[in-house]
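Colleague: One file is attached below, final-v1.csv, containing CSV, C-alpha atoms and all ligand atoms.
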chain,number,residue,atom,x,y,z
Q,1,MET,CA,5.0,-1.8,-35.2
Q,2,ILE,CA,2.8,-0.8,-38.1
Q,3,PHE,CA,0.1,-3.3,-39.1
Q,4,HIS,CA,-0.6,-3.3,-42.8
Q,5,PRO,CA,-3.7,-5.1,-44.0
Q,6,THR,CA,-3.2,-7.6,-46.8
Q,7,THR,CA,-5.5,-8.8,-49.6
Q,8,LEU,CA,-6.3,-11.9,-47.5
Q,9,ASN,CA,-8.7,-11.9,-44.5
Q,10,ASP,CA,-6.9,-11.8,-41.2
Q,11,ALA,CA,-3.3,-11.9,-42.5
Q,12,TRP,CA,-1.1,-8.8,-41.7
Q,13,LEU,CA,2.2,-7.5,-42.9
Q,14,ILE,CA,3.9,-6.0,-39.9
Q,15,GLU,CA,6.5,-3.3,-40.4
Q,16,LEU,CA,9.0,-2.9,-37.6
Q,17,GLU,CA,9.9,0.5,-36.3
Q,18,PRO,CA,13.7,0.5,-35.6
Q,19,ARG,CA,15.1,3.2,-33.3
Q,20,GLY,CA,18.6,3.9,-34.5
Q,21,ASP,CA,21.5,5.3,-32.5
Q,22,GLN,CA,25.3,5.2,-32.8
Q,23,ARG,CA,25.3,1.5,-31.9
Q,24,GLY,CA,22.8,0.4,-34.5
Q,25,TYR,CA,19.1,-0.1,-33.9
Q,26,PHE,CA,16.5,-1.5,-31.5
Q,27,ALA,CA,13.1,-2.8,-32.7
Q,28,ARG,CA,10.2,-4.6,-31.1
Q,29,THR,CA,9.3,-7.8,-33.1
Q,30,MET,CA,6.4,-9.0,-31.0
Q,31,CYS,CA,4.3,-7.3,-28.4
Q,32,GLN,CA,1.4,-9.0,-26.6
Q,33,GLU,CA,-0.5,-5.7,-26.0
Q,34,GLU,CA,-0.2,-4.4,-29.6
Q,35,PHE,CA,-1.1,-7.8,-31.1
Q,36,GLU,CA,-4.2,-8.1,-28.8
Q,37,LYS,CA,-5.2,-4.6,-29.7
Q,38,GLN,CA,-5.0,-5.6,-33.4
Q,39,GLY,CA,-7.0,-8.7,-32.7
Q,40,LEU,CA,-4.1,-11.1,-33.4
Q,41,ILE,CA,-3.1,-14.2,-31.6
Q,42,SER,CA,-0.4,-13.2,-29.2
Q,43,ARG,CA,0.4,-16.5,-27.4
Q,44,PHE,CA,3.2,-18.4,-29.2
Q,45,VAL,CA,4.4,-21.8,-28.0
Q,46,GLN,CA,7.3,-22.5,-30.2
Q,47,GLN,CA,10.0,-20.6,-32.1
Q,48,ASN,CA,11.6,-22.3,-35.1
Q,49,THR,CA,14.5,-21.5,-37.4
Q,50,SER,CA,15.4,-22.9,-40.7
Q,51,PHE,CA,18.5,-22.5,-42.9
Q,52,SER,CA,18.4,-23.0,-46.6
Q,53,SER,CA,21.8,-23.0,-48.4
Q,54,GLU,CA,20.7,-22.7,-52.0
Q,55,ARG,CA,18.8,-19.9,-53.9
Q,56,GLY,CA,15.5,-21.3,-55.2
Q,57,THR,CA,14.8,-23.6,-52.3
Q,58,LEU,CA,11.1,-24.0,-51.7
Q,59,ARG,CA,9.5,-25.1,-48.4
Q,60,GLY,CA,5.7,-25.6,-48.2
Q,61,LEU,CA,2.9,-25.1,-48.5
Q,62,HIS,CA,2.2,-26.3,-45.0
Q,63,TYR,CA,-0.6,-26.0,-42.4
Q,64,GLN,CA,-2.1,-28.0,-39.6
Q,65,LYS,CA,-5.7,-29.1,-39.8
Q,66,ARG,CA,-8.4,-28.0,-37.3
Q,67,PRO,CA,-8.3,-28.1,-34.3
Q,68,HIS,CA,-4.5,-27.8,-34.5
Q,69,GLY,CA,-4.4,-24.6,-36.6
Q,70,GLU,CA,-1.5,-22.3,-35.8
Q,71,ALA,CA,-0.7,-18.7,-36.3
Q,72,LYS,CA,2.8,-18.0,-37.5
Q,73,LEU,CA,5.0,-14.9,-37.3
Q,74,ILE,CA,7.7,-15.0,-39.9
Q,75,ARG,CA,10.9,-13.1,-40.2
Q,76,CYS,CA,13.8,-13.4,-42.6
Q,77,LEU,CA,17.1,-12.9,-40.6
Q,78,ARG,CA,19.6,-13.6,-43.4
Q,79,GLY,CA,19.2,-13.2,-47.1
Q,80,SER,CA,15.8,-12.8,-48.7
Q,81,ILE,CA,12.7,-14.8,-49.5
Q,82,VAL,CA,9.3,-14.6,-51.0
Q,83,ASP,CA,6.7,-15.8,-48.5
Q,84,ILE,CA,3.5,-17.1,-50.0
Q,85,ILE,CA,0.4,-17.9,-48.1
Q,86,VAL,CA,-2.9,-19.4,-49.1
Q,87,ASP,CA,-6.2,-19.0,-47.2
Q,88,VAL,CA,-7.6,-22.6,-46.8
Q,89,ARG,CA,-10.6,-21.7,-44.6
Q,90,GLU,CA,-13.7,-22.7,-46.7
Q,91,GLU,CA,-15.9,-20.1,-44.9
Q,92,SER,CA,-13.5,-17.3,-45.8
Q,93,SER,CA,-14.3,-14.9,-48.7
Q,94,THR,CA,-10.6,-15.1,-49.7
Q,95,TYR,CA,-10.7,-19.0,-49.8
Q,96,LEU,CA,-7.8,-20.4,-51.9
Q,97,GLN,CA,-6.5,-16.9,-52.8
Q,98,HIS,CA,-2.8,-16.3,-52.2
Q,99,GLN,CA,-0.5,-13.4,-51.7
Q,100,ILE,CA,3.2,-13.0,-52.2
Q,101,PHE,CA,5.4,-11.0,-49.8
Q,102,GLU,CA,9.1,-10.2,-50.0
Q,103,LEU,CA,10.8,-10.5,-46.6
Q,104,THR,CA,14.5,-9.7,-46.4
Q,105,ASP,CA,17.2,-9.2,-43.8
Q,106,LYS,CA,17.0,-5.4,-44.5
Q,107,ASN,CA,13.4,-4.5,-45.2
Q,108,PHE,CA,12.0,-4.7,-41.6
Q,109,TYR,CA,8.9,-6.6,-42.6
Q,110,GLN,CA,7.5,-9.6,-40.9
Q,111,LEU,CA,4.4,-11.6,-41.8
Q,112,TYR,CA,1.5,-12.6,-39.4
Q,113,VAL,CA,-0.2,-15.7,-40.8
Q,114,PRO,CA,-3.4,-16.6,-39.1
Q,115,PRO,CA,-4.6,-20.2,-38.4
Q,116,GLY,CA,-6.2,-21.8,-41.5
Q,117,PHE,CA,-3.5,-20.6,-43.9
Q,118,ALA,CA,-1.1,-22.8,-45.9
Q,119,HIS,CA,2.4,-21.2,-45.6
Q,120,SER,CA,5.5,-21.5,-47.8
Q,121,PHE,CA,8.6,-19.6,-48.8
Q,122,GLN,CA,11.1,-19.7,-51.6
Q,123,THR,CA,14.7,-18.4,-51.1
Q,124,LEU,CA,15.9,-15.6,-53.4
Q,125,THR,CA,19.5,-15.8,-52.2
Q,126,ASP,CA,21.9,-18.4,-51.0
Q,127,ASN,CA,22.3,-18.9,-47.2
Q,128,VAL,CA,18.9,-17.9,-46.0
Q,129,GLU,CA,17.8,-18.0,-42.3
Q,130,VAL,CA,14.1,-17.7,-41.5
Q,131,SER,CA,12.9,-17.6,-37.9
Q,132,TYR,CA,9.2,-17.9,-36.9
Q,133,LEU,CA,7.0,-18.2,-33.9
Q,134,VAL,CA,4.1,-20.6,-33.9
Q,135,SER,CA,1.0,-20.6,-31.7
Q,136,ALA,CA,0.3,-24.3,-31.5
Q,137,PRO,CA,2.5,-27.3,-30.9
Q,138,TYR,CA,3.8,-29.4,-33.8
Q,139,THR,CA,1.2,-32.2,-34.4
Q,140,PRO,CA,2.5,-34.5,-37.2
Q,141,GLU,CA,-0.9,-36.3,-37.6
Q,142,ALA,CA,-2.6,-32.9,-38.3
Q,143,GLU,CA,0.1,-31.9,-40.8
Q,144,ARG,CA,-1.3,-31.0,-44.3
Q,145,GLY,CA,0.0,-29.5,-47.5
Q,146,LEU,CA,-0.8,-28.1,-50.8
Q,147,ARG,CA,1.3,-28.8,-54.0
Q,148,TYR,CA,3.3,-25.7,-54.9
Q,149,ASN,CA,2.5,-26.1,-58.6
Q,150,ASP,CA,-1.2,-27.0,-58.2
Q,151,GLU,CA,-3.0,-25.3,-61.2
Q,152,ARG,CA,-5.9,-24.4,-58.9
Q,153,LEU,CA,-3.6,-22.1,-57.0
Q,154,ASN,CA,-1.8,-20.7,-60.0
Q,155,ILE,CA,1.2,-19.4,-58.0
Q,156,ASN,CA,4.0,-17.7,-59.9
Q,157,TRP,CA,7.2,-18.7,-58.1
Q,158,PRO,CA,9.7,-16.0,-58.8
Q,159,VAL,CA,12.8,-18.2,-59.5
Q,160,PRO,CA,13.2,-21.8,-60.7
Q,161,VAL,CA,12.7,-24.4,-57.9
Q,162,THR,CA,16.2,-25.8,-57.2
Q,163,VAL,CA,15.7,-27.7,-53.9
Q,164,ILE,CA,12.4,-29.1,-52.5
Q,165,SER,CA,11.7,-32.0,-50.1
Q,166,GLU,CA,10.1,-35.3,-51.3
Q,167,LYS,CA,7.2,-34.5,-49.0
Q,168,ASP,CA,6.6,-31.1,-50.6
Q,169,LYS,CA,6.9,-32.4,-54.1
Q,170,ASN,CA,4.1,-35.0,-53.4
Q,171,TRP,CA,1.3,-33.2,-51.6
Q,172,PRO,CA,-1.9,-34.1,-53.3
Q,173,LEU,CA,-3.6,-31.7,-55.7
Q,174,ILE,CA,-6.6,-29.9,-54.3
Q,175,VAL,CA,-9.0,-31.8,-56.6
Q,176,ASP,CA,-7.8,-35.0,-55.0
Q,177,GLN,CA,-8.0,-33.9,-51.4
Q,178,GLU,CA,-10.7,-34.7,-48.9
Q,179,LEU,CA,-12.7,-31.6,-48.1
Q,180,PRO,CA,-12.8,-29.4,-46.1
Q,181,LEU,CA,-9.1,-28.8,-46.4
Q,182,TYR,CA,-8.9,-27.1,-43.0
Q,201,LIG,C1,7.7,-28.2,-38.3
Q,201,LIG,C2,8.5,-29.2,-37.4
Q,201,LIG,C3,9.2,-30.2,-38.0
Q,201,LIG,N1,9.9,-31.1,-37.2
Q,201,LIG,C4,10.7,-32.1,-37.9
Q,201,LIG,C5,10.0,-33.0,-38.9
Q,201,LIG,C6,11.2,-33.3,-39.9
Q,201,LIG,O1,11.9,-34.4,-39.4
Q,201,LIG,C7,12.1,-32.1,-39.8
Q,201,LIG,C8,11.9,-31.1,-41.0
Q,201,LIG,O2,10.5,-30.8,-41.1
Q,201,LIG,P1,9.9,-30.2,-42.4
Q,201,LIG,O3,10.5,-30.9,-43.6
Q,201,LIG,O4,8.4,-30.2,-42.3
Q,201,LIG,O5,10.5,-28.8,-42.4
Q,201,LIG,P2,10.0,-27.5,-43.2
Q,201,LIG,O6,9.7,-27.9,-44.6
Q,201,LIG,O7,11.0,-26.4,-43.0
Q,201,LIG,O8,8.7,-27.1,-42.5
Q,201,LIG,C9,8.3,-25.8,-42.2
Q,201,LIG,O9,7.9,-25.2,-43.4
Q,201,LIG,C10,7.4,-23.9,-43.3
Q,201,LIG,C11,7.0,-23.4,-44.7
Q,201,LIG,C12,6.4,-23.7,-42.3
Q,201,LIG,O10,5.4,-23.0,-42.5
Q,201,LIG,C13,6.7,-24.4,-41.0
Q,201,LIG,O11,5.5,-24.4,-40.2
Q,201,LIG,C14,7.1,-25.8,-41.2
Q,201,LIG,O12,6.1,-26.6,-41.7
Q,201,LIG,O13,11.8,-31.4,-38.6
Q,201,LIG,C15,9.8,-31.0,-35.9
Q,201,LIG,O14,10.4,-31.8,-35.1
Q,201,LIG,N2,9.1,-30.0,-35.3
Q,201,LIG,C16,8.4,-29.1,-36.0
Q,201,LIG,O15,7.8,-28.2,-35.5
Could you render the structure from this file as structure tokens?
Modeller:
Amino acid sequence: MIFHPTTLNDAWLIELEPRGDQRGYFARTMCQEEFEKQGLISRFVQQNTSFSSERGTLRGLHYQKRPHGEAKLIRCLRGSIVDIIVDVREESSTYLQHQIFELTDKNFYQLYVPPGFAHSFQTLTDNVEVSYLVSAPYTPEAERGLRYNDERLNINWPVPVTVISEKDKNWPLIVDQELPLY
């Protein structure tokens, strides 16, 4: 695995290193030793998958508030997405900055999102499957979100939003949220 730094503190774009042969390829997608060496959380407690049928579907931006923060390791298994993360740690020098990553079923990238980041993705194709590991249990009372079109974030979503949940449409704007966010 090759660990590429991002513009955001503690978030990493991880490039897989497939070994090909006549059958296809093999690649490691998580390795405790390599993650620890890189200073990343390496203990994951849940693996989730989601399927989105329509291009333009938006999920997010989601995080769990302290002390239930979770690291996530995201991979797109079918189709393609843009994955967008926002640093919500008030003590971080990249607070409220975001970065956009393209993850596809062909490009061999996965994204490591540290605790204290809001996470989201939008599908660029129909029939998208995204699989991710999380490092803390799902805790509904700690669930928080940012509004995808909050002017404070100024995120340029690459395609028109076609499908979004009621919950995600209605997250409060940052100006109306209780601080600290995380
Ligand atoms: C996240 C989660 C949801 N659920 C339930 C709650 C709800 O009834 C149903 C669907 O939940 P949601 O609408 O929150 O699903 P979704 O919008 O896909 O939520 C996910 O979005 C991406 C962007 C993330 O970063 C994930 O961590 C997660 O928050 O599944 C669980 O039972 N366990 C879980 O871990």
Colleague: Kindly give the distance, in Å, that separates atom O8 of ligand LIG 201 (chain Q) and CA of Gln99 (chain Q), rounded to a single decimal.
Modeller: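 Separation between atom O8 of ligand LIG 201 (chain Q) and CA of Gln99 (chain Q): 18.9 Å.
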Colleague: Go through Q:Leu111, Q:Val130, Q:Val175, Q:Val163 one by one, measure the shortest atom-to-atom distance of each to Leu40 (chain Q) using only C-alpha atoms, and give the residue with the smallest value.
Modeller: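 Between Q:Leu111, Q:Val130, Q:Val175, Q:Val163, the residue approaching Leu40 (chain Q) most closely is Q:Leu111.
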Colleague: As number ranges by chain, please: every protein or nucleic acid residue near ligand LIG 201 (chain Q) (cut-off 6 Å, counting all atoms listed in the file).
Modeller: Q: 59-62, 119-121, 138
Colleague: Got time to write the residues from that selection, C-alpha atoms, as a tab-separated table (two decimals), in the frame of the given file?
Modeller:
chain	number	residue	atom	x	y	z
Q	59	ARG	CA	9.50	-25.10	-48.40
Q	60	GLY	CA	5.70	-25.60	-48.20
Q	61	LEU	CA	2.90	-25.10	-48.50
Q	62	HIS	CA	2.20	-26.30	-45.00
Q	119	HIS	CA	2.40	-21.20	-45.60
Q	120	SER	CA	5.50	-21.50	-47.80
Q	121	PHE	CA	8.60	-19.60	-48.80
Q	138	TYR	CA	3.80	-29.40	-33.80
Colleague: Give the answer as one residue: which of Q:Lys65, Q:Arg75, Q:Arg28, Q:Arg55 has the shortest atom-to-atom distance to Tyr132 (chain Q), using only C-alpha atoms?
Modeller: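 Going through Q:Lys65, Q:Arg75, Q:Arg28, Q:Arg55 one by one, the smallest distance to Tyr132 (chain Q) is for Q:Arg75.
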Colleague: Can you work out which one of Q:Glu36, Q:Pro140, Q:Arg147, Q:Leu13 has the shortest atom-to-atom distance to Glu166 (chain Q), counting only C-alpha atoms?
Modeller: Q:Arg147
Colleague: Of the residues Q:Leu146, Q:Arg78, Q:Leu96, Q:Glu151, which is the one nearest to Ser53 (chain Q), using only C-alpha atoms?
Modeller: Q:Arg78
Colleague: Find the residue from Q:Gln110, Q:Asn9, Q:Thr94, Q:Thr57 that sits nearest to Val159 (chain Q); use only C-alpha atoms when measuring.
Modeller: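 Nearest to Val159 (chain Q): Q:Thr57.
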Colleague: Just checking: using all atoms listed in the file, which residue out of Q:Leu173, Q:Thr123, Q:Ser92, Q:Ser80 ends up closest to Thr104 (chain Q)?
Modeller: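 Ranking Q:Leu173, Q:Thr123, Q:Ser92, Q:Ser80 by distance to Thr104 (chain Q), first place goes to Q:Ser80.
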Colleague: Can you pull out the residues contacting Pro114 (chain Q)? Cut-off 8 Å, using only C-alpha atoms, and skip same-chain residues under 5 positions away; I want them as JSON, numbers by chain.
Modeller: {"Q": [10, 11, 40, 41, 70, 71, 72]}
Colleague: Using all atoms listed in the file, which protein or nucleic acid residues come within 8 Å of Ile100 (chain Q)? Drop anything in the same chain fewer than 3 positions from it, and give the result as a list in words.
Modeller: Val82, Asp83, Ile84 and Ile85 of chain Q
